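Here is final-v3.txt, consisting of compact mmCIF, C-alpha atoms and all ligand atoms:
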# COMPACT_ATOMS: atom_id res chain seq x y z
CA MET F 1 6.29 -21.13 -8.69
CA ASN F 2 2.82 -19.74 -9.43
CA LYS F 3 2.83 -16.17 -10.66
CA ILE F 4 0.15 -14.03 -9.03
CA THR F 5 -1.83 -11.97 -11.54
CA PRO F 6 -4.63 -9.43 -11.14
CA GLU F 7 -6.98 -12.29 -12.05
CA THR F 8 -5.54 -14.45 -9.22
CA ILE F 9 -6.25 -11.61 -6.78
CA ARG F 10 -9.74 -11.02 -8.17
CA SER F 11 -10.68 -14.73 -8.04
CA SER F 12 -9.41 -15.11 -4.48
CA LYS F 13 -12.67 -13.49 -3.34
CA ARG F 14 -14.76 -16.23 -4.95
CA ILE F 15 -12.68 -19.06 -3.48
CA HIS F 16 -12.27 -17.37 -0.06
CA HIS F 17 -8.47 -17.40 -0.25
CA GLY F 18 -7.26 -14.55 2.00
CA ILE F 19 -4.97 -12.13 0.16
CA VAL F 20 -1.73 -11.37 2.02
CA ALA F 21 -0.02 -8.12 1.05
CA LEU F 22 2.91 -6.06 2.35
CA THR F 23 4.75 -2.97 1.27
CA ALA F 24 8.33 -3.29 -0.03
CA TYR F 25 10.75 -0.61 -1.09
CA ASP F 26 14.02 -2.38 -1.92
CA TYR F 27 15.52 -5.47 -3.55
CA PRO F 28 16.42 -7.68 -0.55
CA THR F 29 13.11 -7.08 1.22
CA ALA F 30 11.14 -7.77 -1.95
CA ARG F 31 13.08 -10.95 -2.62
CA ILE F 32 12.67 -12.27 0.94
CA LEU F 33 8.94 -11.48 0.99
CA ASP F 34 8.44 -12.94 -2.47
CA GLU F 35 10.26 -16.15 -1.46
CA ALA F 36 8.14 -16.28 1.73
CA GLY F 37 4.99 -16.40 -0.40
CA ILE F 38 3.44 -12.94 -0.03
CA ASP F 39 0.75 -12.50 -2.72
CA LEU F 40 1.05 -8.79 -3.37
CA LEU F 41 3.93 -6.35 -2.86
CA LEU F 42 3.14 -2.65 -2.83
CA VAL F 43 5.73 0.02 -3.45
CA GLY F 44 3.67 2.36 -1.30
CA ASP F 45 4.18 6.07 -1.02
CA SER F 46 4.57 5.26 2.69
CA LEU F 47 8.22 5.08 1.58
CA GLY F 48 8.13 8.82 2.25
CA MET F 49 8.11 8.06 5.99
CA THR F 50 9.60 4.57 6.28
CA VAL F 51 12.59 5.09 3.98
CA LEU F 52 12.99 8.80 3.24
CA GLY F 53 12.24 10.26 6.67
CA HIS F 54 9.43 12.66 5.72
CA PRO F 55 6.60 13.31 8.21
CA ASP F 56 3.91 12.05 5.77
CA THR F 57 3.38 10.88 2.17
CA THR F 58 2.73 14.31 0.70
CA HIS F 59 6.42 14.90 -0.09
CA VAL F 60 6.84 11.83 -2.28
CA GLN F 61 7.67 12.36 -5.96
CA LEU F 62 6.84 10.07 -8.87
CA GLU F 63 10.57 9.74 -9.64
CA GLU F 64 11.14 8.32 -6.14
CA VAL F 65 8.41 5.69 -6.51
CA ILE F 66 9.86 4.76 -9.91
CA HIS F 67 13.34 4.38 -8.40
CA HIS F 68 12.08 2.03 -5.65
CA THR F 69 9.78 0.14 -8.03
CA ARG F 70 12.79 -0.78 -10.19
CA ALA F 71 14.59 -2.21 -7.15
CA VAL F 72 11.53 -4.14 -5.93
CA ALA F 73 10.88 -5.49 -9.44
CA ARG F 74 14.39 -7.01 -9.49
CA GLY F 75 13.53 -8.99 -6.34
CA THR F 76 10.01 -10.06 -7.34
CA SER F 77 9.34 -13.35 -9.13
CA ALA F 78 5.93 -14.61 -8.07
CA ALA F 79 4.15 -11.80 -6.24
CA LEU F 80 1.99 -9.21 -7.94
CA LEU F 81 3.85 -5.90 -7.85
CA VAL F 82 1.68 -2.80 -7.36
CA ALA F 83 3.14 0.72 -7.31
CA ASP F 84 1.56 3.83 -5.80
CA LEU F 85 0.79 6.94 -7.79
CA PRO F 86 2.01 9.67 -5.41
CA ILE F 87 0.21 12.94 -4.78
CA HIS F 88 -0.03 15.24 -7.84
CA SER F 89 0.93 12.49 -10.26
CA TYR F 90 -2.74 11.96 -11.22
CA ASP F 91 -4.35 15.40 -11.07
CA ASP F 92 -6.21 14.66 -14.34
CA ALA F 93 -6.87 11.61 -16.51
CA ASP F 94 -4.03 12.24 -19.00
CA GLN F 95 -1.48 12.72 -16.23
CA ALA F 96 -2.79 9.61 -14.44
CA VAL F 97 -2.23 7.47 -17.54
CA ALA F 98 1.21 8.97 -18.28
CA SER F 99 2.37 8.44 -14.66
CA SER F 100 0.94 4.91 -14.56
CA LYS F 101 2.80 3.99 -17.76
CA ARG F 102 6.06 5.11 -16.16
CA LEU F 103 5.43 2.87 -13.13
CA ILE F 104 4.61 -0.07 -15.42
CA ASP F 105 7.80 0.61 -17.42
CA ALA F 106 9.71 0.48 -14.10
CA GLY F 107 8.40 -3.06 -13.49
CA ALA F 108 5.04 -2.65 -11.71
CA HIS F 109 2.23 -5.00 -12.76
CA ALA F 110 -0.49 -2.65 -11.52
CA VAL F 111 -0.92 0.82 -10.02
CA LYS F 112 -2.91 2.28 -7.12
CA LEU F 113 -4.17 5.76 -6.34
CA GLU F 114 -6.13 7.25 -3.44
CA GLY F 115 -9.80 8.08 -4.00
CA GLY F 116 -13.04 6.63 -5.35
CA GLN F 117 -15.80 8.76 -6.84
CA ALA F 118 -13.56 11.85 -6.95
CA CYS F 119 -11.03 9.98 -9.14
CA SER F 120 -13.40 7.98 -11.38
CA ALA F 121 -12.16 9.74 -14.54
CA GLN F 122 -8.52 8.96 -13.72
CA ILE F 123 -9.29 5.33 -12.79
CA ARG F 124 -11.37 4.80 -15.94
CA ALA F 125 -8.58 6.29 -18.08
CA ILE F 126 -5.96 4.01 -16.46
CA THR F 127 -8.00 0.82 -16.92
CA THR F 128 -9.02 1.83 -20.47
CA ALA F 129 -5.30 2.12 -21.24
CA GLY F 130 -5.04 -1.57 -20.22
CA ILE F 131 -3.24 -0.93 -16.93
CA PRO F 132 -4.43 -3.09 -14.01
CA PHE F 133 -5.66 -0.92 -11.14
CA VAL F 134 -6.13 -1.19 -7.35
CA GLY F 135 -8.27 1.41 -5.56
CA HIS F 136 -7.63 2.91 -2.12
CA ILE F 137 -10.48 4.38 -0.08
CA GLY F 138 -11.21 5.29 3.54
CA MET F 139 -8.47 7.27 5.30
CA LEU F 140 -6.38 8.73 2.49
CA PRO F 141 -2.86 9.52 3.76
CA GLN F 142 -2.22 11.96 0.89
CA HIS F 143 -4.97 14.12 2.49
CA VAL F 144 -3.72 13.84 6.07
CA ARG F 145 -2.90 17.54 6.30
CA GLU F 146 -6.45 18.66 5.35
CA GLU F 147 -7.90 15.94 7.61
CA GLY F 148 -5.68 16.86 10.55
CA GLY F 149 -4.68 13.27 11.37
CA TYR F 150 -5.23 9.58 10.72
CA ARG F 151 -8.85 9.02 11.78
CA ILE F 152 -11.18 6.02 11.44
CA LYS F 153 -13.80 6.44 8.68
CA GLY F 154 -17.27 4.94 8.42
CA ARG F 155 -18.60 5.56 11.91
CA THR F 156 -21.67 7.48 10.70
CA ALA F 157 -24.38 6.40 8.24
CA GLU F 158 -23.40 9.29 5.95
CA GLN F 159 -19.73 8.22 5.89
CA ARG F 160 -20.70 4.58 5.33
CA LYS F 161 -22.77 5.52 2.27
CA PHE F 162 -19.92 7.66 0.95
CA LEU F 163 -17.41 4.81 1.38
CA LEU F 164 -19.72 2.30 -0.28
CA ASP F 165 -20.15 4.67 -3.23
CA ASP F 166 -16.35 5.03 -3.37
CA ALA F 167 -15.86 1.25 -3.46
CA ARG F 168 -18.50 0.94 -6.19
CA ALA F 169 -16.79 3.72 -8.18
CA VAL F 170 -13.51 1.73 -8.11
CA GLU F 171 -15.36 -1.45 -9.14
CA GLU F 172 -17.32 0.24 -11.93
CA SER F 173 -14.22 2.02 -13.26
CA GLY F 174 -12.46 -1.31 -13.75
CA GLY F 175 -10.34 -1.75 -10.60
CA PHE F 176 -9.59 -5.40 -9.72
CA ALA F 177 -9.23 -4.83 -5.94
CA VAL F 178 -9.61 -2.04 -3.42
CA VAL F 179 -7.62 -1.16 -0.29
CA LEU F 180 -9.77 -0.13 2.69
CA GLU F 181 -7.68 1.98 5.06
CA LEU F 182 -8.77 2.72 8.65
CA ILE F 183 -12.45 1.97 8.03
CA ASP F 184 -14.70 0.94 10.91
CA PRO F 185 -14.71 -2.91 10.84
CA VAL F 186 -18.51 -3.16 10.53
CA ALA F 187 -18.52 -0.74 7.57
CA ALA F 188 -15.52 -2.51 5.98
CA ALA F 189 -17.30 -5.89 6.21
CA GLU F 190 -20.42 -4.30 4.70
CA ILE F 191 -18.39 -2.93 1.75
CA THR F 192 -16.69 -6.33 1.34
CA ARG F 193 -20.08 -8.02 1.00
CA ALA F 194 -21.43 -5.35 -1.35
CA VAL F 195 -18.73 -5.32 -4.06
CA SER F 196 -17.59 -8.07 -6.42
CA ILE F 197 -13.90 -7.13 -6.24
CA PRO F 198 -11.75 -8.14 -3.25
CA THR F 199 -11.15 -5.69 -0.43
CA ILE F 200 -7.69 -5.53 1.15
CA GLY F 201 -7.87 -3.98 4.61
CA ILE F 202 -5.39 -2.04 6.68
CA GLY F 203 -6.66 -1.22 10.15
CA SER F 204 -10.18 -2.11 8.95
CA GLY F 205 -10.89 -5.36 10.78
CA ALA F 206 -10.92 -9.03 9.83
CA GLY F 207 -13.98 -8.85 7.59
CA CYS F 208 -12.01 -7.86 4.46
CA ASP F 209 -10.95 -10.30 1.73
CA GLY F 210 -7.28 -9.73 2.52
CA GLN F 211 -4.90 -7.65 4.61
CA ILE F 212 -2.02 -5.30 3.85
CA LEU F 213 0.53 -3.88 6.27
CA VAL F 214 3.48 -1.55 6.03
CA PHE F 215 6.53 -3.87 6.13
CA HIS F 216 8.40 -1.73 8.68
CA ASP F 217 5.44 -1.92 11.09
CA LEU F 218 5.17 -5.71 10.80
CA VAL F 219 8.85 -6.38 11.50
CA GLY F 220 9.46 -3.61 14.05
CA TYR F 221 11.72 -1.52 11.84
CA PHE F 222 10.15 1.88 12.63
CA PRO F 223 10.22 1.99 16.46
CA TRP F 224 9.34 5.68 16.73
CA PHE F 225 5.74 5.13 15.64
CA ARG F 226 3.57 2.04 15.42
CA PRO F 227 -0.10 2.25 14.38
CA LYS F 228 -2.61 0.76 16.85
CA HIS F 229 -3.82 -1.90 14.41
CA VAL F 230 -0.36 -3.48 13.98
CA LYS F 231 0.81 -6.59 15.80
CA ALA F 232 4.57 -6.55 15.23
CA GLU F 233 6.04 -9.98 14.49
CA GLY F 234 9.66 -8.94 14.91
CA ASP F 235 12.08 -6.39 16.33
CA VAL F 236 14.37 -5.50 13.46
CA ALA F 237 15.26 -2.14 15.03
CA GLY F 238 16.36 -3.97 18.18
CA GLU F 239 18.44 -6.45 16.16
CA ILE F 240 20.18 -3.63 14.27
CA ARG F 241 20.94 -1.80 17.52
CA LYS F 242 22.30 -5.02 19.03
CA ALA F 243 24.54 -5.70 16.02
CA ALA F 244 25.78 -2.09 15.90
CA ARG F 245 26.61 -2.13 19.64
CA ALA F 246 28.42 -5.47 19.35
CA TYR F 247 30.47 -4.10 16.43
CA ILE F 248 31.26 -0.88 18.34
CA GLU F 249 32.29 -2.93 21.39
CA ARG F 250 34.58 -5.32 19.52
CA THR F 251 36.17 -2.56 17.42
CA ARG F 252 36.85 -0.13 20.28
CA THR F 253 38.05 -2.73 22.78
CA LYS F 254 41.45 -3.71 21.43
O1 LIG F 301 1.63 3.60 0.91
C1 LIG F 301 1.22 2.62 1.55
O2 LIG F 301 1.94 1.96 2.30
C2 LIG F 301 -0.18 2.25 1.39
C3 LIG F 301 -0.72 1.23 2.34
C4 LIG F 301 -1.05 1.92 3.61
C5 LIG F 301 -1.87 0.50 1.79
O3 LIG F 301 -0.86 2.78 0.57
What is this file in structure tokens?
Ligand code: KIV
Amino acid sequence: MNKITPETIRSSKRIHHGIVALTAYDYPTARILDEAGIDLLLVGDSLGMTVLGHPDTTHVQLEEVIHHTRAVARGTSAALLVADLPIHSYDDADQAVASSKRLIDAGAHAVKLEGGQACSAQIRAITTAGIPFVGHIGMLPQHVREEGGYRIKGRTAEQRKFLLDDARAVEESGGFAVVLELIDPVAAAEITRAVSIPTIGIGSGAGCDGQILVFHDLVGYFPWFRPKHVKAEGDVAGEIRKAARAYIERTRTK
């Protein structure tokens, strides 16, 4: 079994090996995905919606990400385990480093936060502390309330320049990869060509160096909402309903 490291992810750009990433929030899912050969598992703050039932990620606490990171770490052998810094866990550089250390202590190999130029000081502090870092630019779910929804970024020249500067800020501050969320595919491909670190897209087209999806979206385990960019490969919700109905049937019919 080859262990995936930040260096493996970084070098995949040079050798054109597509990075395959998924979120995971618990032990059995992490173990199954790890055994299936997923390169990177993210304990995303999307757990706020997928697992905890909040309307968005802005309710997620650092303690909750730590709790789920511990579970995912127990199920991860080969994949690189990245954990999200939730909102208000990196308001300044000192807090960013302290929060990152707690995620690493919980078993994460690297951390991720949302923002490029605006978070350069935090990113620089994290990487200077020796903690591997993944950036996240484009649509930033922790800002969904100010933004008023999940909208595609990079459709104007001004936005494209801003996003490119964000990607460069992550690269220059020592990040080893950057997630591009809901970025216009042409702009995402442009960013991918412009930076030396790999881009991992979500809803940003096929021109990125890799792709990440929310696990529940991929397997059909969150039937109440599915983003447009997702092609579900399963119907876990349907299977659970079927099993529950079969159990109800056989238990009630005596
Ligand atoms: O929290 C999350 O699931 C994420 C992905 C959307 C990349 O950050």
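As for atom CA of F:Pro132 and atom CA of F:Tyr150, they are spaced 27.8 Å apart.
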Contacts with ligand LIG 301 (chain F) at most 6 Å, only C-alpha atoms and all ligand atoms counted, listed as a PyMOL selection string = chain F and resi 23+44-46+214
Quick one: of F:Lys3, F:Lys231, F:His67, F:His54, who's nearest to F:Asp26, counting all atoms listed in the file?
-> F:His67
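Atom to atom, atom CA of F:His136 and atom CA of F:Gly234 stand 27.0 Å apart.
Coordinates place atom CA of F:Ala108 at a distance of 20.2 Å from atom CA of F:Ser11.
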Once 6 Å is added on each side, what centre and edge lengths in Å to one decimal does the axis-aligned box around all listed atoms of stretch 33-52 of chain F have, as lines of an AutoDock Vina configuration file?
center_x = 6.9
center_y = -3.8
center_z = 1.4
size_x = 24.2
size_y = 37.2
size_z = 21.7
